[in-house]
Amino acid sequence: MDEKDMTLRVEALESILVEKGYVEPAALDVIIETYEKDVGPRNGAHVVARSWVDPAYRERLLTDATAAIAELGYGGRQGEHMVAVENTADEHHLVVCTLCSCYPWPVLGLPPTWYKSPAYRSRVVIDPRGVLADFGVTLPTDTRITVHDSTAEVRYLVVPRRPEGTDGWDEGSLAALVSRDSMIGTGLVEVPA
Amino acid sequence: MDEKDMTLRVEALESILVEKGYVEPAALDVIIETYEKDVGPRNGAHVVARSWVDPAYRERLLTDATAAIAELGYGGRQGEHMVAVENTADEHHLVVCTLCSCYPWPVLGLPPTWYKSPAYRSRVVIDPRGVLADFGVTLPTDTRITVHDSTAEVRYLVVPRRPEGTDGWDEGSLAALVSRDSMIGTGLVEVPA
Amino acid sequence: MNTVADLGGMMGFGPVRPEPEDERFHADWERRALALTLAAALPGGWTIDASRSARESLPPGEYLTSSYYAIWIKALERLLVGAGLVGADELAERRALRPGRPGPVLAASAVPGVLAKGSSADRPIDSTPRFAVGDRVRTRNVHLVGHTRLPRYARGKEGVVERVHGAHVLPDSNAHGAGEQPEWLYTVRFPGRELWGEAADPGLTVEIEAFESYLAGT
Amino acid sequence: MNTVADLGGMMGFGPVRPEPEDERFHADWERRALALTLAAALPGGWTIDASRSARESLPPGEYLTSSYYAIWIKALERLLVGAGLVGADELAERRALRPGRPGPVLAASAVPGVLAKGSSADRPIDSTPRFAVGDRVRTRNVHLVGHTRLPRYARGKEGVVERVHGAHVLPDSNAHGAGEQPEWLYTVRFPGRELWGEAADPGLTVEIEAFESYLAGT
């Protein structure tokens with residue numbers, strides 16, 4: 001793809017839409033700022049860390065994720081119907097949208113490029129361990145893997161396993177450990193050495 | 001695709017292969033001349049016309065097409081395992097290779113571009129009447145359609161229906177009516193008005 | 001529609017390339033592509049299902065050789081032309097040639113509210129769900145010419161109902177302006193071996209969301 | 001391998017464009033592409049199955065945006081590099097940088113004989129065919145990482161044996177240098193509805209050739 005031509009093409013489209021009165025440029029700036037600065041994976045990390053420190057919250061998250069996530073102030077577009085799934089020693093969860101790019105925006109922000117790539121979308125449902133290897137992740141062979149293909153408007157948040165050696169850590173310190181990839185299922189949460 | 005670059009790319013590849021001694025330029029010319037002048041759909045038309053005028057030959061063609069076609073002097077590369085299928089008022093045959101471009105070279109020559117195109121390969125197995133419409137062909141709704149997907153080394157020749165009004169015509173005049181498309185199943189044989 | 005966008009189980013796309021968490025855009029045009037796509041939906045009046053249908057209906061080779069934001073922009077252009085809001089000549093000349101049509105516009109002040117509210121797919125329905133958690137179901141083997149959300153790899157396969165969601169807007173209908181026609185939505189789980197045969201990872205389960213009309217009993 | 005070359009049942013490629021019978025090539029490079037592909041197979045030593053595997057293994061977006069002779073040339077380049085006959089640097093510089101390796105070459109005088117002889121896929125086999133004409137069979141649901149010739153649309157489907165051919169070279173093995181491992185080859189016919197569901201043309205039958213290991217009894 002020609003990046004320079006995409007720049008010109010999108011600029012032209014914007015100017016057409018603005019000149020014809022369909023789009024207000026300031027609205028574009030607000031949208032971009034929202035997803036560049038406010039809505040991102042730190043939201044999800046907050047949710048995950050809370051579930052690690054607050055058993056009652058964890059229970060609510062696993063029962064009605066949309067409501068539990070809203071408790072922390074997150075929700076809206078592409079997070080209207082949330083389900084949280086928890087990784088355990090026995091079962092590891094992975095999320096994909098094989099058909100397009102469905103992703104839980106309010107908790108994870110915009111999807112990374114790889115999440116929308118044919119490489120990920122094609123392979124994770126048939127060879128999840130191969131995909132995990134691309135992320136440097138190896139699971140025990142007896143860990144079951146459940147892949148969630150977001151084919152409708154339900155969106156998934158993976159609650160990764162809380163790493164050992166974090167007893168007594170507060171929510172903020174725990175949240176700092178939680179990577180975006182760990183909430184999609186392509187990463188694990190680890191305590192930095 | 002950039003046609004000019006393909007020209008340069010193929011020229012370069014040829015010169016590399018010739019210079020390294022892997023390919024003899026005169027051999028390339030013989031191959032091209034063979035498929036541009038000698039081996040083409042007139043061979044198949046000959047076979048079809050013979051089957052129309054000679055019931056014993058028709059029988060041999062439908063029983064062992066490879067041998068019957070060899071009787072007329074045709075055979076070899078991409079025609080090693082031939083099957084002939086005959087169109088009737090009840091059943092119409094179509095040939096495709098959904099996986100690549102398999103085609104009965106000794107009787108039909110090289111495949112046309114459309115035969116190798118994603119448009120044809122994808123659609124003829126699921127919507128053959130839609131494909132026939134692209135060729136301007138409409139079959140009665142009660143005509144059954146059998147599509148032959150050449151997934152191995154067996155190659156198919158469709159024997160089209162002999163048109164009405166050709167009683168007493170000789171083999172050569174009949175062969176002149178038989179189009180390439182009619183031997184793939186995307187055309188019918190008609191007497192010019 | 002059986003398009004190349006229906007990628008599950010396809011091969012040959014090479015390794016997945018991880019990316020740092022703070023790498024949200026790779027060029028400024030991607031930012032604008034995101035914002036234009038979101039903002040144009042209001043004057044455009046199309047549904048999310050129509051947007052997805054437009055994206056997956058790009059020429060297959062173009063779909064596979066375009067980055068995702070490029071797919072968004074190309075689909076947006078088609079939607080705008082289809083809705084009569086922008087002329088193909090305007091896109092070709094890359095400038096407006098005529099005044100626009102009056103209609104709703106997303107104001108900057110309205111953006112936070114719109115994004116925070118989102119757009120629920122849940123709808124009232126008169127029927128009770130046909131299937132319950134634990135029921136064995138078989139997905140239908142359907143090959144619609146229009147938009148659908150039953151991936152090809154999960155057609156004609158036997159699975160178990162894992163969750164019953166509410167009744168949701170049916171994309172197959174809504175994408176083509178034929179109304180929301182809400183249906184009960186289920187999560188269905190399949191053993192990897194049901195989908196991919198005996199050689200599949202024995203520990204693999206794949207779940208999809210399936211509308212009631214995608215399913216039959218067993 | 002589940003590649004985009006496995007096109008049966010895919011949608012969105014637009015109409016088929018008929019072409020006059022005498023339009024055999026559209027550019028001179030197409031003539032040379034044909035001839036080079038045929039002539040290089042002798043020094044190359046690869047099988048037809050390896051050639052097909054190389055073509056379908058091109059990057060998927062490139063496969064769908066290349067004309068068929070371009071696919072041939074791109075695959076031929078890969079085969080030549082893979083066999084160590086040509087260097088990637090030579091392709092990049094578009095000229096020979098080193099002398100070639102001695103080996104067999106197709107002489108112009110040998111061409112008519114080679115083309116007329118062809119290359120039969122029929123091989124002797126010790127076993128008797130497992131299935132007979134009229135037997136009901138079910139194709140296996142396999143998703144090999146390597147080359148195979150069982151199209152995706154015909155996997156896990158029930159059909160009837162229509163013809164029993166000889167024992168033929170198995171592409172799945174032969175494409176990867178693992179030997180010819182001949183197997184009985186069958187033509188299997190499927191009702192359109194078995195492949196495409198209830199909405200299929202009721203008068204449609206699709207036949208494929210299937211190797212014995214692609215099939216199970218019912």
# chains A, B, ... in the order shown; residues from 1 in each chain; ligands from 1
>>> calpha_fit_and_write(fixed="chain D", moving="chain C", output="PDB file with C-alpha atoms, in the first residue's frame")
ATOM      1  CA  MET C   1      -3.023 -26.064   3.217  1.00  0.00           C
ATOM      2  CA  ASN C   2      -6.021 -23.768   3.545  1.00  0.00           C
ATOM      3  CA  THR C   3      -4.967 -21.125   1.039  1.00  0.00           C
ATOM      4  CA  VAL C   4      -6.789 -18.485  -0.965  1.00  0.00           C
ATOM      5  CA  ALA C   5      -6.067 -20.642  -4.027  1.00  0.00           C
ATOM      6  CA  ASP C   6      -8.751 -23.013  -2.718  1.00  0.00           C
ATOM      7  CA  LEU C   7     -11.459 -20.865  -4.253  1.00  0.00           C
ATOM      8  CA  GLY C   8     -14.521 -23.104  -4.548  1.00  0.00           C
ATOM      9  CA  GLY C   9     -17.567 -21.399  -3.051  1.00  0.00           C
ATOM     10  CA  MET C  10     -15.875 -18.079  -2.373  1.00  0.00           C
ATOM     11  CA  MET C  11     -17.760 -14.937  -3.378  1.00  0.00           C
ATOM     12  CA  GLY C  12     -17.103 -11.367  -4.381  1.00  0.00           C
ATOM     13  CA  PHE C  13     -14.901 -11.852  -7.447  1.00  0.00           C
ATOM     14  CA  GLY C  14     -17.385 -10.325  -9.863  1.00  0.00           C
ATOM     15  CA  PRO C  15     -18.575 -11.666 -13.200  1.00  0.00           C
ATOM     16  CA  VAL C  16     -16.698 -14.141 -15.386  1.00  0.00           C
ATOM     17  CA  ARG C  17     -15.354 -12.426 -18.493  1.00  0.00           C
ATOM     18  CA  PRO C  18     -15.555 -14.646 -21.606  1.00  0.00           C
ATOM     19  CA  GLU C  19     -12.765 -14.422 -24.122  1.00  0.00           C
ATOM     20  CA  PRO C  20     -12.453 -15.346 -27.813  1.00  0.00           C
ATOM     21  CA  GLU C  21     -11.064 -18.774 -28.591  1.00  0.00           C
ATOM     22  CA  ASP C  22      -8.043 -17.477 -30.502  1.00  0.00           C
ATOM     23  CA  GLU C  23      -6.904 -15.167 -27.687  1.00  0.00           C
ATOM     24  CA  ARG C  24      -4.240 -17.497 -26.349  1.00  0.00           C
ATOM     25  CA  PHE C  25      -1.809 -14.979 -24.884  1.00  0.00           C
ATOM     26  CA  HIS C  26      -2.213 -11.328 -23.940  1.00  0.00           C
ATOM     27  CA  ALA C  27       1.444 -10.329 -23.993  1.00  0.00           C
ATOM     28  CA  ASP C  28       4.667 -11.846 -25.188  1.00  0.00           C
ATOM     29  CA  TRP C  29       5.894 -12.383 -21.639  1.00  0.00           C
ATOM     30  CA  GLU C  30       3.028 -14.807 -21.134  1.00  0.00           C
ATOM     31  CA  ARG C  31       4.362 -16.984 -23.963  1.00  0.00           C
ATOM     32  CA  ARG C  32       7.810 -17.001 -22.372  1.00  0.00           C
ATOM     33  CA  ALA C  33       6.322 -17.651 -18.913  1.00  0.00           C
ATOM     34  CA  LEU C  34       4.580 -20.757 -20.202  1.00  0.00           C
ATOM     35  CA  ALA C  35       7.675 -22.042 -21.971  1.00  0.00           C
ATOM     36  CA  LEU C  36      10.088 -21.274 -19.132  1.00  0.00           C
ATOM     37  CA  THR C  37       7.844 -23.015 -16.625  1.00  0.00           C
ATOM     38  CA  LEU C  38       7.685 -26.151 -18.756  1.00  0.00           C
ATOM     39  CA  ALA C  39      11.350 -26.154 -19.717  1.00  0.00           C
ATOM     40  CA  ALA C  40      12.754 -25.437 -16.250  1.00  0.00           C
ATOM     41  CA  ALA C  41      11.029 -28.445 -14.713  1.00  0.00           C
ATOM     42  CA  LEU C  42      13.658 -30.815 -16.139  1.00  0.00           C
ATOM     43  CA  PRO C  43      16.777 -29.158 -14.673  1.00  0.00           C
ATOM     44  CA  GLY C  44      14.704 -28.234 -11.619  1.00  0.00           C
ATOM     45  CA  GLY C  45      13.665 -31.796 -10.940  1.00  0.00           C
ATOM     46  CA  TRP C  46      10.550 -30.765  -9.029  1.00  0.00           C
ATOM     47  CA  THR C  47       7.221 -32.524  -9.402  1.00  0.00           C
ATOM     48  CA  ILE C  48       3.968 -31.046 -10.687  1.00  0.00           C
ATOM     49  CA  ASP C  49       2.737 -31.259  -7.111  1.00  0.00           C
ATOM     50  CA  ALA C  50       5.656 -29.182  -5.859  1.00  0.00           C
ATOM     51  CA  SER C  51       4.882 -26.627  -8.573  1.00  0.00           C
ATOM     52  CA  ARG C  52       1.255 -26.379  -7.520  1.00  0.00           C
ATOM     53  CA  SER C  53       2.299 -26.094  -3.891  1.00  0.00           C
ATOM     54  CA  ALA C  54       4.672 -23.243  -4.760  1.00  0.00           C
ATOM     55  CA  ARG C  55       1.917 -21.385  -6.615  1.00  0.00           C
ATOM     56  CA  GLU C  56      -0.695 -21.660  -3.888  1.00  0.00           C
ATOM     57  CA  SER C  57       1.893 -20.695  -1.261  1.00  0.00           C
ATOM     58  CA  LEU C  58       2.473 -17.226  -2.699  1.00  0.00           C
ATOM     59  CA  PRO C  59       1.419 -14.477  -0.278  1.00  0.00           C
ATOM     60  CA  PRO C  60      -2.406 -14.611  -0.394  1.00  0.00           C
ATOM     61  CA  GLY C  61      -2.917 -10.996  -1.420  1.00  0.00           C
ATOM     62  CA  GLU C  62      -0.315 -11.385  -4.151  1.00  0.00           C
ATOM     63  CA  TYR C  63      -1.970 -14.570  -5.423  1.00  0.00           C
ATOM     64  CA  LEU C  64      -5.315 -12.797  -5.790  1.00  0.00           C
ATOM     65  CA  THR C  65      -3.870  -9.726  -7.489  1.00  0.00           C
ATOM     66  CA  SER C  66      -1.636 -11.584  -9.963  1.00  0.00           C
ATOM     67  CA  SER C  67      -2.632 -12.933 -13.368  1.00  0.00           C
ATOM     68  CA  TYR C  68      -2.164 -16.681 -13.703  1.00  0.00           C
ATOM     69  CA  TYR C  69       1.011 -16.521 -15.774  1.00  0.00           C
ATOM     70  CA  ALA C  70       2.406 -14.062 -13.224  1.00  0.00           C
ATOM     71  CA  ILE C  71       1.602 -16.642 -10.532  1.00  0.00           C
ATOM     72  CA  TRP C  72       3.528 -19.190 -12.588  1.00  0.00           C
ATOM     73  CA  ILE C  73       6.571 -16.959 -12.878  1.00  0.00           C
ATOM     74  CA  LYS C  74       6.615 -15.990  -9.221  1.00  0.00           C
ATOM     75  CA  ALA C  75       6.319 -19.636  -8.205  1.00  0.00           C
ATOM     76  CA  LEU C  76       8.989 -20.644 -10.699  1.00  0.00           C
ATOM     77  CA  GLU C  77      11.390 -18.122  -9.202  1.00  0.00           C
ATOM     78  CA  ARG C  78      10.751 -19.591  -5.755  1.00  0.00           C
ATOM     79  CA  LEU C  79      11.243 -23.137  -6.997  1.00  0.00           C
ATOM     80  CA  LEU C  80      14.523 -22.210  -8.685  1.00  0.00           C
ATOM     81  CA  VAL C  81      15.833 -20.530  -5.551  1.00  0.00           C
ATOM     82  CA  GLY C  82      14.588 -23.392  -3.398  1.00  0.00           C
ATOM     83  CA  ALA C  83      16.396 -25.915  -5.587  1.00  0.00           C
ATOM     84  CA  GLY C  84      19.587 -23.895  -5.406  1.00  0.00           C
ATOM     85  CA  LEU C  85      19.667 -23.374  -9.168  1.00  0.00           C
ATOM     86  CA  VAL C  86      19.324 -19.599  -9.052  1.00  0.00           C
ATOM     87  CA  GLY C  87      20.287 -17.213  -6.273  1.00  0.00           C
ATOM     88  CA  ALA C  88      17.885 -14.722  -4.760  1.00  0.00           C
ATOM     89  CA  ASP C  89      20.590 -12.159  -5.480  1.00  0.00           C
ATOM     90  CA  GLU C  90      20.475 -13.079  -9.169  1.00  0.00           C
ATOM     91  CA  LEU C  91      16.722 -12.549  -9.254  1.00  0.00           C
ATOM     92  CA  ALA C  92      17.116  -9.238  -7.439  1.00  0.00           C
ATOM     93  CA  GLU C  93      19.818  -8.027  -9.813  1.00  0.00           C
ATOM     94  CA  ARG C  94      18.029  -9.570 -12.769  1.00  0.00           C
ATOM     95  CA  ARG C  95      21.179 -11.164 -14.172  1.00  0.00           C
ATOM     96  CA  ALA C  96      23.270 -14.279 -13.691  1.00  0.00           C
ATOM     97  CA  LEU C  97      26.095 -13.774 -11.197  1.00  0.00           C
ATOM     98  CA  ARG C  98      27.532 -17.291 -11.169  1.00  0.00           C
ATOM     99  CA  PRO C  99      27.785 -20.218 -13.578  1.00  0.00           C
ATOM    100  CA  GLY C 100      25.007 -22.795 -13.438  1.00  0.00           C
ATOM    101  CA  ARG C 101      25.147 -26.286 -12.036  1.00  0.00           C
ATOM    102  CA  PRO C 102      25.548 -29.057 -14.626  1.00  0.00           C
ATOM    103  CA  GLY C 103      22.475 -31.202 -15.128  1.00  0.00           C
ATOM    104  CA  PRO C 104      19.774 -32.245 -17.572  1.00  0.00           C
ATOM    105  CA  VAL C 105      18.461 -29.670 -20.023  1.00  0.00           C
ATOM    106  CA  LEU C 106      15.412 -29.884 -22.280  1.00  0.00           C
ATOM    107  CA  ALA C 107      16.662 -29.861 -25.880  1.00  0.00           C
ATOM    108  CA  ALA C 108      14.476 -28.321 -28.570  1.00  0.00           C
ATOM    109  CA  SER C 109      14.521 -31.629 -30.385  1.00  0.00           C
ATOM    110  CA  ALA C 110      13.165 -33.409 -27.326  1.00  0.00           C
ATOM    111  CA  VAL C 111      10.197 -31.090 -26.778  1.00  0.00           C
ATOM    112  CA  PRO C 112       7.654 -32.774 -29.076  1.00  0.00           C
ATOM    113  CA  GLY C 113       8.335 -36.154 -27.532  1.00  0.00           C
ATOM    114  CA  VAL C 114       8.133 -34.880 -23.983  1.00  0.00           C
ATOM    115  CA  LEU C 115       4.842 -33.055 -24.554  1.00  0.00           C
ATOM    116  CA  ALA C 116       3.339 -35.981 -26.478  1.00  0.00           C
ATOM    117  CA  LYS C 117       4.327 -38.473 -23.822  1.00  0.00           C
ATOM    118  CA  GLY C 118       3.085 -36.471 -20.876  1.00  0.00           C
ATOM    119  CA  SER C 119       3.476 -37.888 -17.430  1.00  0.00           C
ATOM    120  CA  SER C 120       1.017 -40.471 -16.193  1.00  0.00           C
ATOM    121  CA  ALA C 121       0.088 -40.341 -12.522  1.00  0.00           C
ATOM    122  CA  ASP C 122      -0.958 -44.011 -12.575  1.00  0.00           C
ATOM    123  CA  ARG C 123       1.200 -46.321 -10.457  1.00  0.00           C
ATOM    124  CA  PRO C 124       1.204 -49.994  -9.491  1.00  0.00           C
ATOM    125  CA  ILE C 125      -0.238 -50.695  -6.067  1.00  0.00           C
ATOM    126  CA  ASP C 126      -0.472 -53.817  -3.939  1.00  0.00           C
ATOM    127  CA  SER C 127      -3.829 -53.128  -2.351  1.00  0.00           C
ATOM    128  CA  THR C 128      -7.337 -53.477  -3.746  1.00  0.00           C
ATOM    129  CA  PRO C 129      -9.555 -50.405  -3.738  1.00  0.00           C
ATOM    130  CA  ARG C 130     -11.373 -49.968  -0.444  1.00  0.00           C
ATOM    131  CA  PHE C 131     -14.446 -48.436  -2.099  1.00  0.00           C
ATOM    132  CA  ALA C 132     -16.524 -49.438  -5.121  1.00  0.00           C
ATOM    133  CA  VAL C 133     -18.779 -47.484  -7.455  1.00  0.00           C
ATOM    134  CA  GLY C 134     -21.997 -46.654  -5.615  1.00  0.00           C
ATOM    135  CA  ASP C 135     -20.466 -46.760  -2.132  1.00  0.00           C
ATOM    136  CA  ARG C 136     -21.405 -43.953   0.227  1.00  0.00           C
ATOM    137  CA  VAL C 137     -18.323 -42.225   1.603  1.00  0.00           C
ATOM    138  CA  ARG C 138     -17.564 -39.243   3.807  1.00  0.00           C
ATOM    139  CA  THR C 139     -14.605 -36.988   3.111  1.00  0.00           C
ATOM    140  CA  ARG C 140     -12.366 -36.335   6.074  1.00  0.00           C
ATOM    141  CA  ASN C 141     -12.257 -32.970   7.783  1.00  0.00           C
ATOM    142  CA  VAL C 142      -8.536 -32.338   7.420  1.00  0.00           C
ATOM    143  CA  HIS C 143      -6.640 -29.060   7.579  1.00  0.00           C
ATOM    144  CA  LEU C 144      -3.076 -29.943   6.653  1.00  0.00           C
ATOM    145  CA  VAL C 145      -0.310 -27.386   6.868  1.00  0.00           C
ATOM    146  CA  GLY C 146       1.141 -28.915   3.688  1.00  0.00           C
ATOM    147  CA  HIS C 147      -0.196 -29.350   0.165  1.00  0.00           C
ATOM    148  CA  THR C 148      -3.422 -31.267  -0.302  1.00  0.00           C
ATOM    149  CA  ARG C 149      -6.038 -31.562  -3.038  1.00  0.00           C
ATOM    150  CA  LEU C 150      -9.215 -31.951  -1.017  1.00  0.00           C
ATOM    151  CA  PRO C 151     -10.966 -28.600  -1.423  1.00  0.00           C
ATOM    152  CA  ARG C 152     -12.269 -26.982   1.726  1.00  0.00           C
ATOM    153  CA  TYR C 153     -15.856 -26.925   0.468  1.00  0.00           C
ATOM    154  CA  ALA C 154     -15.844 -30.714   0.141  1.00  0.00           C
ATOM    155  CA  ARG C 155     -14.472 -31.645   3.570  1.00  0.00           C
ATOM    156  CA  GLY C 156     -16.576 -33.582   6.033  1.00  0.00           C
ATOM    157  CA  LYS C 157     -19.219 -34.150   3.350  1.00  0.00           C
ATOM    158  CA  GLU C 158     -21.097 -37.295   2.358  1.00  0.00           C
ATOM    159  CA  GLY C 159     -21.059 -38.412  -1.259  1.00  0.00           C
ATOM    160  CA  VAL C 160     -21.181 -41.441  -3.535  1.00  0.00           C
ATOM    161  CA  VAL C 161     -18.310 -43.045  -5.420  1.00  0.00           C
ATOM    162  CA  GLU C 162     -18.887 -42.441  -9.130  1.00  0.00           C
ATOM    163  CA  ARG C 163     -15.669 -43.805 -10.667  1.00  0.00           C
ATOM    164  CA  VAL C 164     -12.656 -45.770  -9.491  1.00  0.00           C
ATOM    165  CA  HIS C 165      -9.518 -44.708 -11.312  1.00  0.00           C
ATOM    166  CA  GLY C 166      -6.174 -46.435 -10.888  1.00  0.00           C
ATOM    167  CA  ALA C 167      -3.789 -45.818  -8.048  1.00  0.00           C
ATOM    168  CA  HIS C 168      -2.328 -42.359  -8.532  1.00  0.00           C
ATOM    169  CA  VAL C 169       0.591 -40.432  -7.064  1.00  0.00           C
ATOM    170  CA  LEU C 170      -0.489 -38.776  -3.798  1.00  0.00           C
ATOM    171  CA  PRO C 171       0.072 -35.002  -4.080  1.00  0.00           C
ATOM    172  CA  ASP C 172       0.096 -34.515  -0.299  1.00  0.00           C
ATOM    173  CA  SER C 173       3.292 -36.553  -0.110  1.00  0.00           C
ATOM    174  CA  ASN C 174       4.835 -35.945  -3.512  1.00  0.00           C
ATOM    175  CA  ALA C 175       4.666 -32.149  -3.228  1.00  0.00           C
ATOM    176  CA  HIS C 176       7.012 -32.237  -0.270  1.00  0.00           C
ATOM    177  CA  GLY C 177       9.595 -34.721  -1.503  1.00  0.00           C
ATOM    178  CA  ALA C 178       8.154 -37.501   0.649  1.00  0.00           C
ATOM    179  CA  GLY C 179       7.678 -39.914  -2.233  1.00  0.00           C
ATOM    180  CA  GLU C 180       4.807 -40.786  -4.533  1.00  0.00           C
ATOM    181  CA  GLN C 181       2.956 -43.032  -2.047  1.00  0.00           C
ATOM    182  CA  PRO C 182       0.300 -43.956  -4.636  1.00  0.00           C
ATOM    183  CA  GLU C 183      -3.285 -44.377  -3.490  1.00  0.00           C
ATOM    184  CA  TRP C 184      -6.521 -45.418  -5.140  1.00  0.00           C
ATOM    185  CA  LEU C 185      -8.223 -42.433  -6.688  1.00  0.00           C
ATOM    186  CA  TYR C 186     -11.996 -42.045  -6.853  1.00  0.00           C
ATOM    187  CA  THR C 187     -14.471 -39.657  -8.349  1.00  0.00           C
ATOM    188  CA  VAL C 188     -16.985 -38.789  -5.651  1.00  0.00           C
ATOM    189  CA  ARG C 189     -20.254 -37.011  -6.362  1.00  0.00           C
ATOM    190  CA  PHE C 190     -22.065 -34.771  -3.913  1.00  0.00           C
ATOM    191  CA  PRO C 191     -25.547 -33.297  -4.133  1.00  0.00           C
ATOM    192  CA  GLY C 192     -25.310 -29.504  -4.165  1.00  0.00           C
ATOM    193  CA  ARG C 193     -27.362 -29.403  -0.961  1.00  0.00           C
ATOM    194  CA  GLU C 194     -24.801 -31.518   0.892  1.00  0.00           C
ATOM    195  CA  LEU C 195     -22.129 -28.958   0.044  1.00  0.00           C
ATOM    196  CA  TRP C 196     -24.050 -25.687   0.134  1.00  0.00           C
ATOM    197  CA  GLY C 197     -27.089 -26.325   2.303  1.00  0.00           C
ATOM    198  CA  GLU C 198     -30.813 -26.183   1.718  1.00  0.00           C
ATOM    199  CA  ALA C 199     -30.686 -23.105  -0.505  1.00  0.00           C
ATOM    200  CA  ALA C 200     -28.502 -24.835  -3.125  1.00  0.00           C
ATOM    201  CA  ASP C 201     -29.740 -25.409  -6.667  1.00  0.00           C
ATOM    202  CA  PRO C 202     -31.727 -28.662  -6.305  1.00  0.00           C
ATOM    203  CA  GLY C 203     -30.428 -29.871  -9.681  1.00  0.00           C
ATOM    204  CA  LEU C 204     -26.759 -29.351  -8.819  1.00  0.00           C
ATOM    205  CA  THR C 205     -24.213 -32.150  -8.434  1.00  0.00           C
ATOM    206  CA  VAL C 206     -20.518 -31.520  -7.875  1.00  0.00           C
ATOM    207  CA  GLU C 207     -17.862 -34.157  -8.460  1.00  0.00           C
ATOM    208  CA  ILE C 208     -14.302 -34.154  -7.196  1.00  0.00           C
ATOM    209  CA  GLU C 209     -11.439 -36.611  -7.439  1.00  0.00           C
ATOM    210  CA  ALA C 210     -10.518 -37.898  -3.991  1.00  0.00           C
ATOM    211  CA  PHE C 211      -7.611 -40.063  -2.881  1.00  0.00           C
ATOM    212  CA  GLU C 212      -8.427 -43.026  -0.664  1.00  0.00           C
ATOM    213  CA  SER C 213      -6.934 -41.414   2.440  1.00  0.00           C
ATOM    214  CA  TYR C 214      -9.297 -38.451   1.960  1.00  0.00           C
ATOM    215  CA  LEU C 215     -12.272 -40.776   2.478  1.00  0.00           C
ATOM    216  CA  ALA C 216     -13.964 -42.736   5.244  1.00  0.00           C
ATOM    217  CA  GLY C 217     -16.940 -45.087   5.003  1.00  0.00           C
ATOM    218  CA  THR C 218     -20.271 -43.902   6.360  1.00  0.00           C
TER     219      THR C 218
END
>>> residues_around(residues="Ala176 of chain A", least_positions_apart="5", cutoff="10 Å", atoms="only C-alpha atoms", output="PyMOL selection string")
chain A and resi 42+45-46+49+171+191
>>> write_last_selection(atoms="all heavy atoms", output="short mmCIF file (atom, residue, chain, number, x, y, z; two decimals), in the first residue's frame")
data_model
loop_
_atom_site.label_atom_id
_atom_site.label_comp_id
_atom_site.auth_asym_id
_atom_site.auth_seq_id
_atom_site.Cartn_x
_atom_site.Cartn_y
_atom_site.Cartn_z
N ARG A 42 -5.13 0.81 29.88
CA ARG A 42 -5.02 1.05 31.33
C ARG A 42 -6.39 0.90 32.00
O ARG A 42 -6.46 0.57 33.19
CB ARG A 42 -4.42 2.44 31.62
CG ARG A 42 -2.95 2.63 31.19
CD ARG A 42 -2.00 1.59 31.81
NE ARG A 42 -1.76 0.47 30.94
CZ ARG A 42 -1.55 -0.78 31.38
NH1 ARG A 42 -1.56 -1.07 32.66
NH2 ARG A 42 -1.35 -1.75 30.54
N ALA A 45 -6.68 -2.73 32.61
CA ALA A 45 -5.75 -3.12 33.68
C ALA A 45 -6.33 -2.77 35.05
O ALA A 45 -6.16 -3.51 36.03
CB ALA A 45 -4.40 -2.43 33.46
N HIS A 46 -7.04 -1.65 35.11
CA HIS A 46 -7.72 -1.24 36.33
C HIS A 46 -8.76 -2.29 36.74
O HIS A 46 -8.84 -2.72 37.90
CB HIS A 46 -8.36 0.13 36.07
CG HIS A 46 -9.06 0.74 37.26
ND1 HIS A 46 -9.86 1.85 37.14
CD2 HIS A 46 -9.08 0.41 38.57
CE1 HIS A 46 -10.35 2.17 38.33
NE2 HIS A 46 -9.89 1.31 39.22
N ALA A 49 -6.95 -5.53 37.87
CA ALA A 49 -6.32 -5.41 39.18
C ALA A 49 -7.38 -5.38 40.29
O ALA A 49 -7.21 -6.00 41.35
CB ALA A 49 -5.46 -4.15 39.21
N GLU A 171 -3.70 -2.17 44.38
CA GLU A 171 -4.35 -2.23 43.06
C GLU A 171 -3.55 -1.50 41.98
O GLU A 171 -3.40 -2.01 40.87
CB GLU A 171 -5.75 -1.60 43.20
CG GLU A 171 -6.62 -1.75 41.99
CD GLU A 171 -7.97 -1.07 42.21
OE1 GLU A 171 -8.72 -1.52 43.11
OE2 GLU A 171 -8.27 -0.09 41.50
N VAL A 191 5.92 -10.54 36.97
CA VAL A 191 6.58 -9.53 37.79
C VAL A 191 7.96 -9.30 37.19
O VAL A 191 8.72 -10.25 36.99
CB VAL A 191 6.70 -10.01 39.25
CG1 VAL A 191 7.41 -8.95 40.10
CG2 VAL A 191 5.33 -10.32 39.81
#
>>> closest_residue(among="A:Ser150, A:Ser182, A:Thr7, A:Ser122", to="chain D", atoms="only C-alpha atoms")
A:Ser122
>>> select_by_dssp(residues="segment 4-171 of chain B", states="strand (DSSP E)", output="list in words")
His81, Met82, Val83, Ala84, Val85, Glu86, Glu91, His92, His93, Leu94, Val95, Val96, Arg144, Ile145, Thr146, Val147, His148, Asp149, Val154, Arg155, Tyr156, Leu157, Val158 and Val159 of chain B
